[in-house]
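Data first, discussion second: the structure below is written as C-alpha cells.
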Amino acid sequence: MRIGVFGGSFDPIHLGHLILAENCREQSKLDQVLFMPCALSPHKLAGAHGTDRQRLEMLDLAIGGHRDFVRSDLEIKRGGISYTVDTLRELESQQPGNEWFFLMGADSLKSFATWREPEEILKLARPIVVGRPGSGPVDPGLLEPLSSSAYVETLRELSVESPLIDISSTKIRQRVADEQSIRFLVPRSIEQYIVTQKMYQVA
Ligand code: ATP
C-alpha cells in the first residue's frame, strides 16, 4: 500500500488539514492517509491546549466515515517528544512492505533540515508538500543538501496542486477565545465539540 503519514498537533484539526490530506491522497494516489497526532511537538514545547483525549476524539469526528483516512495513537502512546524519524521506523517495523510518504505544509518543509535525522527520514519516506499562505512557493530544492539530486527530482513529480488555505489551529483557538465564529473553518462536528467541551476559552 501507499501510505501517507500526516503528523501534527491537530489542536484542533481544521479544514486546512483536511483539504491538504484529501488533495495529497487523490493526486499522489495514496491508499491511506494516517493522521498522527503528536504527544509533544519538538516545535511547540510550550505544550498542547487540548488534551490527548480531546485531540484524538476531534480527529475521529473529523475523519470518521472517510474510507481511506485513518487515525493513529502511536505517538501519543509512545509519549514524550514526538520525532517523525522514530515514528516512521516504528511504522516500517510494524507494517513492513508498504511505500511510505509523509505529508506536510510548506512551513514545515522550510524547517525540515532542523528536524531530528532529516536524511534518515528521507530514506524511510517521501515527503509530499502543500503550499501554505505566507510560506512562499514549495521548493523541493530545499532538500538538496539532505539527499541526492535524483531523489529531489522525484519529489518534484510528487508536487500536489492545492488551493492556499489561510487557516491555522492558532487562529481557531484565538477566535474561540475572542468569541468569534469558527463556522466553516472546521467541520460542524468539531465546532460543536469545542463548545460542549468548553475548549480554547483562553488562547
Ligand atoms: P498551530 O497554529 O497550532 O501551529 P497548525 O494549524 O500549523 O497549528 P499543525 O497540526 O501543527 O497545525 O499542522 C500539521 C501539519 O499540517 C503541518 O505540516 C502544517 O504545515 C500543515 N498545515 C496545517 N494547516 C495548514 C494549511 N492551512 N495549509 C497547508 N498546510 C497546513
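The chains in the C-alpha cells are called A, B, ... from first to last as shown; in each chain the residues are counted from 1, and the ligands are counted from 1 in the order shown.
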Worksheet item: Which residues come within 10 Å of A:Ile3, counting only C-alpha atoms, excluding same-chain residues fewer than 5 positions away, as a PyMOL selection string?
Response: chain A and resi 25+29-34+68+98-102+125
Can I get the residues of chain A within 8 Å of ligand 1, each with the closest pair of atoms and their distance in Å to one decimal, using only C-alpha atoms and all ligand atoms, sorted chain first then ascending number, as a Markdown table?
```
| residue | atom | partner | partner_atom_place_in_ligand_line | distance |
| --- | --- | --- | --- | --- |
| A:Phe6 | CA | ligand 1 | 15 (C) | 6.9 |
| A:Gly7 | CA | ligand 1 | 14 (C) | 5.7 |
| A:Gly8 | CA | ligand 1 | 14 (C) | 3.6 |
| A:Ser9 | CA | ligand 1 | 10 (O) | 3.8 |
| A:Phe10 | CA | ligand 1 | 10 (O) | 3.9 |
| A:Asp11 | CA | ligand 1 | 3 (O) | 6.1 |
| A:Pro12 | CA | ligand 1 | 10 (O) | 7.3 |
| A:Ile13 | CA | ligand 1 | 10 (O) | 6.7 |
| A:His14 | CA | ligand 1 | 24 (N) | 7.4 |
| A:Leu15 | CA | ligand 1 | 27 (N) | 7.4 |
| A:Gly16 | CA | ligand 1 | 27 (N) | 3.8 |
| A:His17 | CA | ligand 1 | 24 (N) | 5.1 |
| A:Leu20 | CA | ligand 1 | 29 (C) | 6.2 |
| A:Pro37 | CA | ligand 1 | 10 (O) | 7.7 |
| A:Lys44 | CA | ligand 1 | 4 (O) | 7.7 |
| A:Leu103 | CA | ligand 1 | 18 (O) | 6.6 |
| A:Met104 | CA | ligand 1 | 18 (O) | 3.4 |
| A:Gly105 | CA | ligand 1 | 20 (O) | 3.1 |
| A:Ala106 | CA | ligand 1 | 20 (O) | 5.7 |
| A:Asp107 | CA | ligand 1 | 20 (O) | 5.1 |
| A:Ser108 | CA | ligand 1 | 20 (O) | 4.9 |
| A:Leu109 | CA | ligand 1 | 20 (O) | 7.7 |
| A:Val130 | CA | ligand 1 | 29 (C) | 5.7 |
| A:Gly131 | CA | ligand 1 | 29 (C) | 5.6 |
| A:Arg132 | CA | ligand 1 | 29 (C) | 4.3 |
| A:Pro133 | CA | ligand 1 | 28 (N) | 7.0 |
| A:Leu164 | CA | ligand 1 | 28 (N) | 6.2 |
| A:Ile165 | CA | ligand 1 | 27 (N) | 4.6 |
| A:Asp166 | CA | ligand 1 | 27 (N) | 5.1 |
| A:Ile167 | CA | ligand 1 | 27 (N) | 4.4 |
| A:Ser168 | CA | ligand 1 | 6 (O) | 3.3 |
| A:Ser169 | CA | ligand 1 | 6 (O) | 3.9 |
| A:Thr170 | CA | ligand 1 | 2 (O) | 3.6 |
| A:Lys171 | CA | ligand 1 | 2 (O) | 6.4 |
| A:Ile172 | CA | ligand 1 | 2 (O) | 8.0 |
```
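What separates atom CA of A:Met199 from atom CA of A:Thr51 is a distance of 9.7 Å.
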Fill in: Within 12 Å of A:Leu40 using only C-alpha atoms, minus same-chain residues under 4 positions, as an NGL selection string
:A and (7-11 or 36 or 44-52 or 75-84)
Worksheet item: A:Leu56: which residues within 8 Å, counting only C-alpha atoms, same-chain residues fewer than 3 positions away excluded, as JSON, numbers by chain?
Response: {"A": [37, 52, 53, 59, 60, 71, 73]}
Worksheet entry | Residues of stretch 6-184 of chain A in strand (DSSP E or B), written as a list in words |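 Put together, the selection reads Phe6, Gly7, Gly8, Gln32, Val33, Leu34, Phe35, Met36, Pro37, Leu40, Phe69, Val70, Arg71, Ile81, Glu99, Trp100, Phe101, Phe102, Leu103, Met104, Gly105, Arg126, Pro127, Ile128, Val129, Val130 and Arg183 of chain A.
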Could those residues be written to a file, using N, CA and C atoms, as a PDB file, in the first residue's frame?
```pdb
ATOM      1  N   PHE A   6       0.504  11.727   8.165  1.00  0.00           N
ATOM      2  CA  PHE A   6       0.258  13.167   8.316  1.00  0.00           C
ATOM      3  C   PHE A   6       0.323  13.519   9.803  1.00  0.00           C
ATOM      4  N   GLY A   7       1.476  14.045  10.214  1.00  0.00           N
ATOM      5  CA  GLY A   7       1.681  14.375  11.621  1.00  0.00           C
ATOM      6  C   GLY A   7       1.318  15.818  11.926  1.00  0.00           C
ATOM      7  N   GLY A   8       0.913  16.051  13.160  1.00  0.00           N
ATOM      8  CA  GLY A   8       0.612  17.425  13.574  1.00  0.00           C
ATOM      9  C   GLY A   8       0.085  17.452  14.992  1.00  0.00           C
ATOM     10  N   GLN A  32      -3.955   5.190   1.697  1.00  0.00           N
ATOM     11  CA  GLN A  32      -4.374   5.546   3.053  1.00  0.00           C
ATOM     12  C   GLN A  32      -3.644   6.809   3.519  1.00  0.00           C
ATOM     13  N   VAL A  33      -4.350   7.679   4.236  1.00  0.00           N
ATOM     14  CA  VAL A  33      -3.687   8.775   4.953  1.00  0.00           C
ATOM     15  C   VAL A  33      -3.823   8.468   6.439  1.00  0.00           C
ATOM     16  N   LEU A  34      -2.659   8.404   7.092  1.00  0.00           N
ATOM     17  CA  LEU A  34      -2.625   8.064   8.515  1.00  0.00           C
ATOM     18  C   LEU A  34      -2.407   9.352   9.316  1.00  0.00           C
ATOM     19  N   PHE A  35      -3.443   9.825   9.973  1.00  0.00           N
ATOM     20  CA  PHE A  35      -3.337  11.046  10.774  1.00  0.00           C
ATOM     21  C   PHE A  35      -2.646  10.691  12.087  1.00  0.00           C
ATOM     22  N   MET A  36      -1.588  11.409  12.398  1.00  0.00           N
ATOM     23  CA  MET A  36      -0.715  11.045  13.508  1.00  0.00           C
ATOM     24  C   MET A  36      -0.565  12.218  14.484  1.00  0.00           C
ATOM     25  N   PRO A  37      -1.488  12.345  15.453  1.00  0.00           N
ATOM     26  CA  PRO A  37      -1.333  13.439  16.419  1.00  0.00           C
ATOM     27  C   PRO A  37      -0.109  13.211  17.304  1.00  0.00           C
ATOM     28  N   LEU A  40       4.222  15.322  22.366  1.00  0.00           N
ATOM     29  CA  LEU A  40       4.784  16.674  22.481  1.00  0.00           C
ATOM     30  C   LEU A  40       5.457  17.006  21.160  1.00  0.00           C
ATOM     31  N   PHE A  69      -9.061   7.469   5.315  1.00  0.00           N
ATOM     32  CA  PHE A  69      -8.431   8.256   6.377  1.00  0.00           C
ATOM     33  C   PHE A  69      -8.472   7.447   7.677  1.00  0.00           C
ATOM     34  N   VAL A  70      -7.291   7.314   8.279  1.00  0.00           N
ATOM     35  CA  VAL A  70      -7.180   6.503   9.491  1.00  0.00           C
ATOM     36  C   VAL A  70      -6.448   7.335  10.535  1.00  0.00           C
ATOM     37  N   ARG A  71      -6.816   7.158  11.786  1.00  0.00           N
ATOM     38  CA  ARG A  71      -6.143   7.906  12.860  1.00  0.00           C
ATOM     39  C   ARG A  71      -5.279   6.940  13.670  1.00  0.00           C
ATOM     40  N   ILE A  81       8.622  13.582  23.510  1.00  0.00           N
ATOM     41  CA  ILE A  81       8.691  14.395  22.296  1.00  0.00           C
ATOM     42  C   ILE A  81       8.528  13.469  21.096  1.00  0.00           C
ATOM     43  N   GLU A  99       4.799   1.373   0.948  1.00  0.00           N
ATOM     44  CA  GLU A  99       5.536   2.519   0.430  1.00  0.00           C
ATOM     45  C   GLU A  99       5.096   3.722   1.266  1.00  0.00           C
ATOM     46  N   TRP A 100       6.059   4.364   1.930  1.00  0.00           N
ATOM     47  CA  TRP A 100       5.700   5.411   2.890  1.00  0.00           C
ATOM     48  C   TRP A 100       5.935   6.815   2.343  1.00  0.00           C
ATOM     49  N   PHE A 101       5.011   7.687   2.687  1.00  0.00           N
ATOM     50  CA  PHE A 101       5.095   9.104   2.339  1.00  0.00           C
ATOM     51  C   PHE A 101       4.817   9.884   3.620  1.00  0.00           C
ATOM     52  N   PHE A 102       5.267  11.131   3.675  1.00  0.00           N
ATOM     53  CA  PHE A 102       4.755  11.950   4.782  1.00  0.00           C
ATOM     54  C   PHE A 102       4.330  13.314   4.259  1.00  0.00           C
ATOM     55  N   LEU A 103       3.206  13.758   4.779  1.00  0.00           N
ATOM     56  CA  LEU A 103       2.554  14.956   4.268  1.00  0.00           C
ATOM     57  C   LEU A 103       2.865  16.131   5.174  1.00  0.00           C
ATOM     58  N   MET A 104       3.031  17.293   4.561  1.00  0.00           N
ATOM     59  CA  MET A 104       3.255  18.479   5.388  1.00  0.00           C
ATOM     60  C   MET A 104       2.954  19.749   4.609  1.00  0.00           C
ATOM     61  N   GLY A 105       2.789  20.845   5.355  1.00  0.00           N
ATOM     62  CA  GLY A 105       2.611  22.151   4.750  1.00  0.00           C
ATOM     63  C   GLY A 105       3.969  22.788   4.476  1.00  0.00           C
ATOM     64  N   ARG A 126       8.874   9.416   1.463  1.00  0.00           N
ATOM     65  CA  ARG A 126       8.986  10.569   0.558  1.00  0.00           C
ATOM     66  C   ARG A 126       8.043  11.676   1.011  1.00  0.00           C
ATOM     67  N   PRO A 127       8.530  12.900   1.093  1.00  0.00           N
ATOM     68  CA  PRO A 127       7.651  13.983   1.522  1.00  0.00           C
ATOM     69  C   PRO A 127       6.719  14.440   0.401  1.00  0.00           C
ATOM     70  N   ILE A 128       5.505  14.784   0.778  1.00  0.00           N
ATOM     71  CA  ILE A 128       4.567  15.431  -0.138  1.00  0.00           C
ATOM     72  C   ILE A 128       4.203  16.753   0.533  1.00  0.00           C
ATOM     73  N   VAL A 129       4.462  17.844  -0.167  1.00  0.00           N
ATOM     74  CA  VAL A 129       4.347  19.161   0.476  1.00  0.00           C
ATOM     75  C   VAL A 129       3.269  19.987  -0.213  1.00  0.00           C
ATOM     76  N   VAL A 130       2.473  20.668   0.585  1.00  0.00           N
ATOM     77  CA  VAL A 130       1.395  21.508   0.076  1.00  0.00           C
ATOM     78  C   VAL A 130       1.659  22.952   0.500  1.00  0.00           C
ATOM     79  N   ARG A 183     -17.278  28.900  12.341  1.00  0.00           N
ATOM     80  CA  ARG A 183     -18.093  28.180  11.364  1.00  0.00           C
ATOM     81  C   ARG A 183     -17.383  28.207  10.016  1.00  0.00           C
TER      82      ARG A 183
END
```
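Atom to atom, atom CA of A:Tyr151 and atom CA of A:Arg2 stand 17.5 Å apart.
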Discussion item. For a quick check of understanding, using only C-alpha atoms, which of A:Thr87, A:Ala39, A:Ala62, A:Gly136 has the smallest distance to A:Gln192?
Written reply: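 The shortest atom-to-atom distance to A:Gln192 comes from A:Ala62.
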